[in-house]
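Engineer: Got a structure for you, upload_17.txt, holding compact mmCIF, C-alpha atoms.
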# COMPACT_ATOMS: atom_id res chain seq x y z
CA MET A 1 0.00 0.00 0.00
CA PRO A 2 1.52 3.35 -0.99
CA ALA A 3 2.14 5.98 1.70
CA ARG A 4 0.18 8.59 -0.18
CA ASN A 5 -3.45 8.55 -1.23
CA THR A 6 -4.36 7.32 -4.71
CA SER A 7 -7.49 8.23 -6.65
CA GLN A 8 -9.03 4.98 -5.37
CA ARG A 9 -8.10 4.83 -1.69
CA TYR A 10 -6.31 6.34 1.23
CA GLY A 11 -2.57 5.72 1.60
CA SER A 12 -0.90 4.14 4.62
CA VAL A 13 -0.20 7.49 6.32
CA ALA A 14 -3.81 8.72 6.17
CA GLN A 15 -5.09 5.28 7.22
CA SER A 16 -2.69 5.14 10.17
CA PHE A 17 -3.88 8.54 11.39
CA HIS A 18 -7.50 7.50 10.99
CA TRP A 19 -7.32 4.20 12.87
CA LEU A 20 -4.87 5.41 15.51
CA ILE A 21 -7.22 8.25 16.40
CA VAL A 22 -10.24 5.90 16.36
CA GLY A 23 -8.40 3.67 18.86
CA LEU A 24 -7.42 6.60 21.05
CA LEU A 25 -10.98 7.95 21.05
CA ILE A 26 -12.28 4.60 22.29
CA VAL A 27 -9.63 4.65 25.03
CA GLN A 28 -10.65 8.22 25.89
CA VAL A 29 -14.34 7.45 26.26
CA THR A 30 -13.53 4.37 28.35
CA LEU A 31 -11.17 6.24 30.70
CA ALA A 32 -13.62 9.13 31.10
CA LYS A 33 -16.55 6.80 31.82
CA ILE A 34 -14.64 4.81 34.45
CA ALA A 35 -13.21 7.96 36.07
CA ALA A 36 -16.63 9.64 36.23
CA GLY A 37 -17.90 6.82 38.44
CA LEU A 38 -15.04 7.02 40.93
CA PRO A 39 -14.69 9.24 44.00
CA LEU A 40 -11.62 11.47 43.95
CA GLY A 41 -8.57 9.46 44.88
CA LEU A 42 -5.42 8.10 43.36
CA ASP A 43 -7.26 5.84 40.93
CA LYS A 44 -9.29 8.69 39.53
CA LEU A 45 -6.25 10.96 39.44
CA ALA A 46 -4.32 8.30 37.51
CA LEU A 47 -7.14 7.61 35.05
CA LEU A 48 -7.73 11.28 34.36
CA ALA A 49 -4.00 11.94 34.04
CA ARG A 50 -3.91 9.33 31.27
CA HIS A 51 -7.10 10.70 29.74
CA LYS A 52 -5.42 14.11 29.56
CA SER A 53 -2.18 12.69 28.15
CA PHE A 54 -4.04 10.77 25.44
CA GLY A 55 -6.16 13.86 24.75
CA ILE A 56 -3.07 15.97 24.16
CA THR A 57 -1.72 13.16 21.97
CA ILE A 58 -4.92 13.31 19.91
CA LEU A 59 -4.59 17.08 19.63
CA ALA A 60 -1.05 16.74 18.28
CA LEU A 61 -2.05 13.89 15.93
CA ALA A 62 -5.03 15.91 14.66
CA ALA A 63 -2.75 18.84 13.84
CA ILE A 64 -0.24 16.65 12.00
CA ARG A 65 -3.06 14.79 10.29
CA LEU A 66 -4.67 17.98 9.06
CA GLY A 67 -1.29 19.17 7.77
CA TRP A 68 -0.80 15.87 5.97
CA ARG A 69 -4.31 16.10 4.51
CA LEU A 70 -3.51 19.50 3.00
CA PHE A 71 -0.40 18.01 1.43
CA ASP A 72 -1.98 14.70 0.43
CA ARG A 73 -5.55 15.29 -0.77
CA PRO A 74 -8.11 12.57 -0.04
CA PRO A 75 -9.40 10.44 -2.90
CA PRO A 76 -12.62 11.75 -4.45
CA LEU A 77 -15.86 10.35 -3.09
CA PRO A 78 -17.71 7.81 -5.23
CA PRO A 79 -20.74 9.05 -7.19
CA MET A 80 -23.63 9.83 -4.86
CA PRO A 81 -26.53 12.30 -4.56
CA ARG A 82 -25.46 15.84 -3.90
CA TRP A 83 -26.99 16.00 -0.40
CA GLN A 84 -24.94 12.97 0.60
CA LEU A 85 -21.75 14.58 -0.70
CA VAL A 86 -22.52 17.70 1.30
CA ALA A 87 -23.44 15.69 4.39
CA ALA A 88 -20.21 13.68 4.16
CA ARG A 89 -18.09 16.83 3.78
CA VAL A 90 -19.84 18.60 6.66
CA ASN A 91 -19.54 15.56 8.90
CA HIS A 92 -15.83 15.14 8.12
CA ALA A 93 -15.20 18.81 8.80
CA ALA A 94 -17.16 18.68 12.08
CA LEU A 95 -15.21 15.58 13.18
CA TYR A 96 -11.94 17.41 12.50
CA VAL A 97 -13.14 20.42 14.47
CA LEU A 98 -14.02 18.17 17.41
CA LEU A 99 -10.59 16.51 17.29
CA PHE A 100 -9.23 19.94 18.17
CA VAL A 101 -11.99 21.33 20.34
CA MET A 102 -12.36 18.29 22.60
CA PRO A 103 -8.72 18.28 23.77
CA LEU A 104 -8.61 22.07 23.99
CA THR A 105 -11.72 22.32 26.17
CA GLY A 106 -10.43 19.44 28.30
CA TRP A 107 -7.08 21.16 28.71
CA MET A 108 -8.70 24.47 29.68
CA MET A 109 -11.08 22.66 32.01
CA SER A 110 -8.07 21.10 33.75
CA SER A 111 -6.44 24.50 34.16
CA ALA A 112 -9.66 26.07 35.43
CA SER A 113 -10.09 23.33 38.01
CA ASN A 114 -6.47 23.71 39.19
CA TYR A 115 -5.42 20.30 37.95
CA PRO A 116 -2.86 21.38 35.33
CA VAL A 117 -2.02 18.96 32.54
CA SER A 118 1.16 16.99 32.17
CA TRP A 119 1.79 14.93 29.06
CA PHE A 120 2.56 11.50 30.52
CA GLY A 121 4.47 13.11 33.38
CA LEU A 122 7.12 14.30 30.93
CA VAL A 123 6.07 17.81 29.99
CA GLN A 124 3.86 20.17 31.94
CA LEU A 125 1.55 22.14 29.67
CA PRO A 126 0.95 25.84 30.23
CA ASP A 127 -2.34 27.08 31.64
CA PHE A 128 -4.19 29.49 29.38
CA VAL A 129 -6.75 30.14 32.10
CA GLY A 130 -6.29 30.26 35.86
CA PRO A 131 -8.29 28.40 38.50
CA ASP A 132 -11.90 29.50 38.15
CA ARG A 133 -14.82 27.42 39.44
CA GLU A 134 -17.49 28.92 37.19
CA LEU A 135 -15.35 28.59 34.09
CA LYS A 136 -14.56 25.03 35.07
CA ASP A 137 -18.28 24.16 35.36
CA LEU A 138 -18.95 25.77 31.99
CA LEU A 139 -16.05 23.98 30.27
CA LYS A 140 -17.02 20.69 31.85
CA LEU A 141 -20.50 21.05 30.40
CA VAL A 142 -19.10 21.99 26.98
CA HIS A 143 -16.57 19.14 27.01
CA LYS A 144 -19.23 16.61 27.98
CA THR A 145 -21.85 17.90 25.54
CA LEU A 146 -19.33 17.90 22.69
CA SER A 147 -18.38 14.33 23.55
CA TYR A 148 -22.00 13.35 22.86
CA GLY A 149 -21.79 15.35 19.63
CA LEU A 150 -18.67 13.42 18.70
CA PHE A 151 -20.50 10.20 19.44
CA VAL A 152 -23.39 11.15 17.16
CA LEU A 153 -21.17 12.36 14.30
CA ALA A 154 -18.90 9.31 14.54
CA GLY A 155 -22.01 7.13 14.58
CA LEU A 156 -23.33 8.80 11.40
CA HIS A 157 -19.89 8.43 9.82
CA VAL A 158 -19.84 4.68 10.59
CA ALA A 159 -23.47 4.24 9.52
CA ALA A 160 -22.79 5.96 6.20
CA ALA A 161 -19.69 3.83 5.57
CA LEU A 162 -21.64 0.66 6.35
CA LYS A 163 -24.53 1.77 4.15
CA HIS A 164 -22.12 2.15 1.22
CA GLN A 165 -20.49 -1.15 1.99
CA LEU A 166 -23.58 -3.25 2.66
CA LEU A 167 -26.42 -1.62 0.72
CA ASP A 168 -24.72 0.20 -2.15
CA ARG A 169 -21.97 -2.44 -2.31
CA ASP A 170 -19.57 0.14 -3.76
CA GLY A 171 -16.59 -1.06 -1.71
CA LEU A 172 -16.18 2.37 -0.09
CA LEU A 173 -15.03 0.84 3.20
CA PHE A 174 -11.90 -0.59 1.53
CA ARG A 175 -10.69 2.93 0.81
CA MET A 176 -9.79 3.13 4.51
CA LEU A 177 -8.65 -0.47 5.03
CA PRO A 178 -5.18 -1.90 4.43
CA TRP A 179 -6.48 -4.86 2.42
CA ARG A 180 -8.44 -5.01 -0.86
CA PRO A 181 -11.72 -6.78 -1.55
CA ARG A 182 -11.37 -10.31 -2.92
CA MET B 183 11.57 65.31 83.33
CA ILE B 184 13.07 61.91 82.83
CA LEU B 185 9.72 60.65 81.64
CA ARG B 186 9.50 63.50 79.14
CA ALA B 187 12.99 62.78 77.79
CA LEU B 188 12.08 59.14 77.43
CA CYS B 189 8.96 60.03 75.49
CA VAL B 190 10.95 62.23 73.13
CA ALA B 191 13.53 59.49 72.63
CA LEU B 192 10.86 56.95 71.85
CA ALA B 193 9.14 59.24 69.39
CA CYS B 194 12.40 60.04 67.61
CA CYS B 195 13.75 56.58 67.34
CA PRO B 196 10.95 54.05 67.04
CA ALA B 197 13.48 51.49 65.85
CA ALA B 198 14.97 51.49 69.31
CA ILE B 199 11.80 50.01 70.69
CA ALA B 200 11.64 46.29 70.63
CA GLU B 201 8.83 45.47 68.30
CA VAL B 202 6.82 42.45 67.44
CA TRP B 203 5.49 42.38 63.92
CA GLN B 204 2.30 40.63 63.08
CA ALA B 205 0.35 39.52 60.08
CA ASP B 206 -2.57 37.27 59.30
CA GLN B 207 -4.60 36.22 56.27
CA GLY B 208 -5.93 39.77 55.96
CA SER B 209 -2.48 41.11 55.18
CA GLY B 210 -0.89 38.55 52.98
CA THR B 211 -0.87 35.14 51.39
CA LEU B 212 0.50 31.79 52.42
CA ASN B 213 0.59 29.45 49.44
CA PHE B 214 2.14 26.16 48.49
CA SER B 215 2.77 24.26 45.32
CA ALA B 216 2.92 20.53 44.92
CA ILE B 217 2.94 18.02 42.10
CA GLN B 218 -0.02 15.88 41.07
CA ALA B 219 0.17 13.57 38.06
CA GLY B 220 3.38 15.23 36.91
CA ALA B 221 2.02 18.78 36.98
CA ASP B 222 2.47 21.58 39.50
CA PHE B 223 -0.60 23.00 41.16
CA THR B 224 -0.91 25.63 43.84
CA GLY B 225 -3.04 26.02 46.92
CA GLY B 226 -3.15 28.24 49.95
CA PHE B 227 -4.28 28.61 53.51
CA GLY B 228 -7.11 30.96 54.36
CA ARG B 229 -6.40 31.39 58.08
CA PHE B 230 -3.01 31.91 59.70
CA GLN B 231 -1.13 34.05 62.20
CA VAL B 232 2.45 35.24 61.85
CA LYS B 233 4.44 36.87 64.65
CA LEU B 234 7.94 38.10 64.02
CA ASP B 235 10.05 39.43 66.87
CA PHE B 236 13.15 40.33 65.00
CA ASP B 237 15.71 43.10 65.01
CA PRO B 238 18.18 42.74 62.13
CA SER B 239 20.88 44.25 64.31
CA LYS B 240 20.31 41.56 66.94
CA PRO B 241 19.34 38.45 65.02
CA ALA B 242 20.35 36.20 67.92
CA SER B 243 17.33 37.25 69.97
CA GLY B 244 14.80 36.93 67.14
CA ARG B 245 11.77 34.74 67.05
CA LEU B 246 9.30 33.76 64.36
CA ASP B 247 5.97 32.09 65.11
CA VAL B 248 3.62 30.92 62.41
CA THR B 249 0.34 29.19 63.19
CA VAL B 250 -1.80 27.87 60.35
CA ALA B 251 -5.38 26.63 60.59
CA THR B 252 -5.06 23.39 58.64
CA SER B 253 -8.77 23.23 57.81
CA SER B 254 -8.42 26.50 55.88
CA ILE B 255 -6.52 24.71 53.11
CA ASP B 256 -7.83 25.72 49.70
CA THR B 257 -6.78 24.21 46.36
CA GLN B 258 -9.79 25.52 44.41
CA ASP B 259 -11.34 22.07 44.31
CA ALA B 260 -13.77 21.07 47.05
CA GLU B 261 -13.24 17.35 46.54
CA ARG B 262 -9.47 17.61 46.79
CA ASP B 263 -9.71 19.94 49.81
CA GLU B 264 -11.89 17.38 51.53
CA ILE B 265 -9.24 14.71 51.02
CA LEU B 266 -6.53 17.07 52.26
CA ARG B 267 -8.55 17.70 55.45
CA SER B 268 -9.18 14.01 55.97
CA ARG B 269 -7.22 11.62 58.11
CA ASP B 270 -5.18 10.67 55.03
CA PHE B 271 -3.56 14.10 54.96
CA PHE B 272 -3.81 16.93 57.51
CA TRP B 273 -6.36 15.17 59.74
CA THR B 274 -7.67 18.57 60.67
CA ASP B 275 -10.13 17.28 63.29
CA GLU B 276 -7.27 15.88 65.32
CA HIS B 277 -4.59 18.42 64.29
CA PRO B 278 -6.28 21.75 63.65
CA GLN B 279 -3.01 23.67 63.58
CA ALA B 280 0.31 23.49 61.83
CA VAL B 281 3.02 25.45 63.61
CA PHE B 282 6.43 26.76 62.64
CA ARG B 283 8.73 28.23 65.31
CA ALA B 284 12.19 29.60 64.74
CA GLU B 285 14.70 31.14 67.12
CA HIS B 286 17.82 31.01 65.00
CA PHE B 287 18.34 33.60 62.31
CA GLN B 288 21.26 33.96 60.00
CA ARG B 289 22.15 36.09 57.01
CA ASP B 290 21.23 34.53 53.69
CA GLY B 291 22.33 36.65 50.77
CA ALA B 292 20.25 39.79 50.85
CA GLY B 293 17.77 38.20 53.23
CA TRP B 294 17.56 35.90 56.18
CA ARG B 295 17.25 32.28 57.01
CA ALA B 296 15.18 31.28 60.04
CA GLU B 297 15.85 27.83 61.37
CA GLY B 298 13.40 26.15 63.62
CA GLU B 299 10.84 23.43 63.89
CA LEU B 300 7.76 22.67 61.90
CA ALA B 301 4.93 20.68 63.46
CA ILE B 302 2.25 19.16 61.24
CA ARG B 303 -0.10 16.28 61.99
CA GLY B 304 1.67 15.47 65.27
CA VAL B 305 5.13 15.27 63.74
CA THR B 306 7.79 17.86 64.52
CA LYS B 307 10.82 18.22 62.27
CA PRO B 308 13.57 20.78 61.76
CA ALA B 309 12.69 23.23 59.02
CA ALA B 310 14.00 26.49 57.62
CA VAL B 311 12.38 29.53 56.09
CA ARG B 312 14.23 31.97 53.85
CA PHE B 313 12.86 35.48 53.75
CA THR B 314 13.51 39.09 52.97
CA LEU B 315 12.24 42.10 54.87
CA ALA B 316 11.54 45.35 53.11
CA PRO B 317 10.22 48.50 54.72
CA ALA B 318 6.82 49.83 53.71
CA THR B 319 4.78 52.69 55.10
CA GLY B 320 3.91 51.72 58.66
CA ALA B 321 4.70 48.13 57.87
CA ALA B 322 7.32 45.69 56.67
CA VAL B 323 6.92 43.37 53.75
CA MET B 324 8.11 39.88 54.51
CA LYS B 325 8.51 37.60 51.52
CA GLY B 326 9.86 34.15 51.60
CA THR B 327 9.91 30.50 50.77
CA SER B 328 10.35 27.16 52.39
CA SER B 329 10.10 23.58 51.30
CA LEU B 330 9.22 20.32 52.93
CA ARG B 331 8.63 16.70 52.18
CA ARG B 332 4.98 15.87 52.85
CA LEU B 333 5.72 12.26 53.77
CA ASP B 334 8.02 13.39 56.61
CA PHE B 335 4.85 14.60 58.32
CA GLY B 336 2.58 11.74 57.38
CA LEU B 337 0.76 13.90 54.83
CA GLY B 338 -0.43 11.02 52.69
CA GLN B 339 -1.48 7.81 54.42
CA GLY B 340 -2.19 4.46 52.86
CA ASP B 341 -2.17 4.65 49.07
CA PHE B 342 -1.40 8.35 49.27
CA ALA B 343 2.03 7.51 50.70
CA SER B 344 3.02 6.64 47.14
CA THR B 345 4.75 9.41 45.23
CA GLU B 346 3.76 8.06 41.82
CA TRP B 347 0.84 10.45 41.41
CA VAL B 348 1.37 12.96 44.22
CA GLY B 349 4.90 14.29 44.63
CA ASP B 350 6.69 14.31 47.98
CA GLU B 351 8.23 17.75 47.64
CA VAL B 352 6.07 20.73 48.56
CA ASP B 353 7.19 24.33 48.15
CA VAL B 354 5.81 27.06 50.36
CA GLN B 355 5.65 30.73 49.40
CA PHE B 356 4.44 33.63 51.47
CA GLU B 357 4.14 37.37 51.16
CA LEU B 358 3.01 39.31 54.19
CA LYS B 359 2.57 42.89 55.21
CA LEU B 360 3.68 42.89 58.83
CA ARG B 361 2.37 45.54 61.18
CA PRO B 362 4.21 46.51 64.34
CA THR B 363 2.69 45.89 67.74
CA ILE B 364 4.69 47.44 70.56
CA ARG B 365 5.58 44.89 73.16
Here is the file; what I need is its structure written in the form of structure tokens.

Structural biologist:
Amino acid sequence: MPARNTSQRYGSVAQSFHWLIVGLLIVQVTLAKIAAGLPLGLDKLALLARHKSFGITILALAAIRLGWRLFDRPPPLPPMPRWQLVAARVNHAALYVLLFVMPLTGWMMSSASNYPVSWFGLVQLPDFVGPDRELKDLLKLVHKTLSYGLFVLAGLHVAAALKHQLLDRDGLLFRMLPWRPR
Amino acid sequence: MILRALCVALACCPAAIAEVWQADQGSGTLNFSAIQAGADFTGGFGRFQVKLDFDPSKPASGRLDVTVATSSIDTQDAERDEILRSRDFFWTDEHPQAVFRAEHFQRDGAGWRAEGELAIRGVTKPAAVRFTLAPATGAAVMKGTSSLRRLDFGLGQGDFASTEWVGDEVDVQFELKLRPTIR
């Protein structure tokens, strides 16, 4: 599989970004869900520290991925009704926005709640806002609400891919998979 | 006549009078910074008393007393403050005060170093505070730092005795506007 995208499918670089971020997002949701059910203590501190580290990792990956995407344009979408093209583009764009906004609101929320972020204990990130209870409550609400938004958009994205694969049978799913259809 | 002369002397040279300087939460801040999950965070104490009986020309007879209400700890997070007040950390029900007392002062660069004892959670250990004194109108500004290892004082019981997620080293910073009270 070539590193760069072809007119038929995504290259290995774009695919790696895609699936790595999918994996990290699943880890993120899992860590957040477990942590939310725990009282504050070392376990919660450890889970949330990892959640923050992975979140910053996603932020960095999203930035590199977007840069790569500008350099290596995605393959054109298969023929489909115009509204579907528009919906796909809008959904992709919104997913990219969330890949940035989710970590950024989480980071600011950490600063506002006086739990500054360290990336895996190696680098302490700066605080763009100081401790502020009201801001923290607001950011927490935004972060949580957007996570549901991400869930919905990712769900639509998966549903659309499966619809193409299973109903339209146009092999669209293979554009983002390392193997080809038999 | 003698009384009158004494009054004049006192008025002219207030520095000659032995003075005790005082400050509390209304006239300054007493903060600390510690490490959680690899990142520094800061907190402070909302109630404390500082008494400094110190004449730079006679450091040998100086004395510094600091009393901190442990339950006034504030890290801007109610859940964390609750843990810090619990038996696992300050155990504020049993040990409502943390006390620092120093009677040895020595020059330290442009400032001073006060050596004494720090008592927290029933444990007393030698500790030192470095500070500077600067005159201000009707007051003196005392600024300084200290550092301690939380585990020396049992601040962190059970799982919290691990330093994997909560660092051992704690830095203390204070800035106070001391007012004179004539002894």

Engineer: Do a neighbour search on Pro241 of chain B at 12 Å with only C-alpha atoms, toss out local chain neighbours closer than 5 positions, and write the hits as an NGL selection string.

Structural biologist: :B and (234-236 or 246 or 284-289 or 293-297)

Engineer: Write out as a PyMOL selection string each polymer residue whose atoms come within 7 Å of segment 32-49 of chain A, counting only C-alpha atoms; drop sequence neighbours fewer than 4 positions from it.

Structural biologist: (chain A and resi 28+53) or (chain B and resi 219+261+347)

Engineer: Which residue, A:Ser110, A:Gln8, A:Thr145, A:Gln84, has the smallest gap to chain B when you use all atoms listed in the file?

Structural biologist: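 Smallest separation from chain B among the options: A:Ser110.
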
Engineer: Report the closest atom pair, with its distance in Å rounded to one decimal, for each residue of chain B that has an atom no farther than 10 Å from chain A; count only C-alpha atoms, sort by chain and then rising residue number, and write it as CSV.

Structural biologist:
residue,atom,partner,partner_atom,distance
B:Ile217,CA,A:Pro116,CA,9.5
B:Gln218,CA,A:Tyr115,CA,7.6
B:Ala219,CA,A:Ala49,CA,6.0
B:Gly220,CA,A:Gly121,CA,4.3
B:Ala221,CA,A:Ser118,CA,5.2
B:Asp222,CA,A:Pro116,CA,6.8
B:Phe223,CA,A:Asn114,CA,6.2
B:Thr224,CA,A:Asn114,CA,7.5
B:Gly225,CA,A:Asn114,CA,8.8
B:Thr257,CA,A:Asn114,CA,7.2
B:Gln258,CA,A:Asn114,CA,6.4
B:Asp259,CA,A:Ser113,CA,6.5
B:Ala260,CA,A:Arg133,CA,10.0
B:Glu261,CA,A:Leu40,CA,6.6
B:Arg262,CA,A:Leu40,CA,7.1
B:Glu264,CA,A:Leu40,CA,9.6
B:Ile265,CA,A:Gly41,CA,8.1
B:Asp341,CA,A:Leu42,CA,7.4
B:Phe342,CA,A:Leu42,CA,7.2
B:Ser344,CA,A:Leu42,CA,9.4
B:Glu346,CA,A:Ala46,CA,9.2
B:Trp347,CA,A:Ala46,CA,6.8
B:Val348,CA,A:Leu42,CA,8.4

Engineer: Please write as a PDB file with C-alpha atoms, keeping the file's coordinate frame the list of polymer residues whose atoms come within 10 Å of (11.6, 30.7, 55.2), counting all atoms listed in the file and keeping to the coordinates of the file.

Structural biologist:
ATOM      1  CA  LEU B 246       9.300  33.760  64.360  1.00  0.00           C
ATOM      2  CA  PHE B 282       6.430  26.760  62.640  1.00  0.00           C
ATOM      3  CA  ALA B 284      12.190  29.600  64.740  1.00  0.00           C
ATOM      4  CA  GLY B 293      17.770  38.200  53.230  1.00  0.00           C
ATOM      5  CA  TRP B 294      17.560  35.900  56.180  1.00  0.00           C
ATOM      6  CA  ARG B 295      17.250  32.280  57.010  1.00  0.00           C
ATOM      7  CA  ALA B 296      15.180  31.280  60.040  1.00  0.00           C
ATOM      8  CA  GLU B 297      15.850  27.830  61.370  1.00  0.00           C
ATOM      9  CA  GLY B 298      13.400  26.150  63.620  1.00  0.00           C
ATOM     10  CA  ALA B 309      12.690  23.230  59.020  1.00  0.00           C
ATOM     11  CA  ALA B 310      14.000  26.490  57.620  1.00  0.00           C
ATOM     12  CA  VAL B 311      12.380  29.530  56.090  1.00  0.00           C
ATOM     13  CA  ARG B 312      14.230  31.970  53.850  1.00  0.00           C
ATOM     14  CA  PHE B 313      12.860  35.480  53.750  1.00  0.00           C
ATOM     15  CA  THR B 314      13.510  39.090  52.970  1.00  0.00           C
ATOM     16  CA  MET B 324       8.110  39.880  54.510  1.00  0.00           C
ATOM     17  CA  LYS B 325       8.510  37.600  51.520  1.00  0.00           C
ATOM     18  CA  GLY B 326       9.860  34.150  51.600  1.00  0.00           C
ATOM     19  CA  THR B 327       9.910  30.500  50.770  1.00  0.00           C
ATOM     20  CA  SER B 328      10.350  27.160  52.390  1.00  0.00           C
ATOM     21  CA  SER B 329      10.100  23.580  51.300  1.00  0.00           C
ATOM     22  CA  VAL B 354       5.810  27.060  50.360  1.00  0.00           C
ATOM     23  CA  GLN B 355       5.650  30.730  49.400  1.00  0.00           C
ATOM     24  CA  PHE B 356       4.440  33.630  51.470  1.00  0.00           C
TER      25      PHE B 356
END

Engineer: What is the atom CA of Ile302 of chain B-atom CA of Leu266 of chain B distance in Å, reported with one decimal?

Structural biologist: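 Separation between atom CA of Ile302 of chain B and atom CA of Leu266 of chain B: 12.7 Å.
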
Engineer: Taking the block just given, write segment 280-308 of chain B to a file that holds C-alpha atoms, as an mmCIF file, in the first residue's frame.

Structural biologist:
data_model
loop_
_atom_site.group_PDB
_atom_site.id
_atom_site.type_symbol
_atom_site.label_atom_id
_atom_site.label_comp_id
_atom_site.auth_asym_id
_atom_site.auth_seq_id
_atom_site.Cartn_x
_atom_site.Cartn_y
_atom_site.Cartn_z
ATOM 1 C CA ALA B 280 0.310 23.492 61.827
ATOM 2 C CA VAL B 281 3.020 25.453 63.611
ATOM 3 C CA PHE B 282 6.427 26.765 62.642
ATOM 4 C CA ARG B 283 8.732 28.232 65.310
ATOM 5 C CA ALA B 284 12.193 29.596 64.741
ATOM 6 C CA GLU B 285 14.704 31.145 67.122
ATOM 7 C CA HIS B 286 17.817 31.013 64.995
ATOM 8 C CA PHE B 287 18.335 33.604 62.313
ATOM 9 C CA GLN B 288 21.265 33.963 60.001
ATOM 10 C CA ARG B 289 22.152 36.088 57.009
ATOM 11 C CA ASP B 290 21.226 34.529 53.694
ATOM 12 C CA GLY B 291 22.332 36.647 50.770
ATOM 13 C CA ALA B 292 20.245 39.794 50.848
ATOM 14 C CA GLY B 293 17.771 38.199 53.232
ATOM 15 C CA TRP B 294 17.565 35.896 56.179
ATOM 16 C CA ARG B 295 17.246 32.279 57.011
ATOM 17 C CA ALA B 296 15.183 31.281 60.038
ATOM 18 C CA GLU B 297 15.850 27.826 61.370
ATOM 19 C CA GLY B 298 13.396 26.147 63.624
ATOM 20 C CA GLU B 299 10.836 23.427 63.893
ATOM 21 C CA LEU B 300 7.762 22.666 61.899
ATOM 22 C CA ALA B 301 4.927 20.678 63.458
ATOM 23 C CA ILE B 302 2.246 19.157 61.236
ATOM 24 C CA ARG B 303 -0.098 16.277 61.986
ATOM 25 C CA GLY B 304 1.666 15.466 65.266
ATOM 26 C CA VAL B 305 5.135 15.269 63.735
ATOM 27 C CA THR B 306 7.787 17.859 64.520
ATOM 28 C CA LYS B 307 10.823 18.216 62.269
ATOM 29 C CA PRO B 308 13.571 20.778 61.758
#
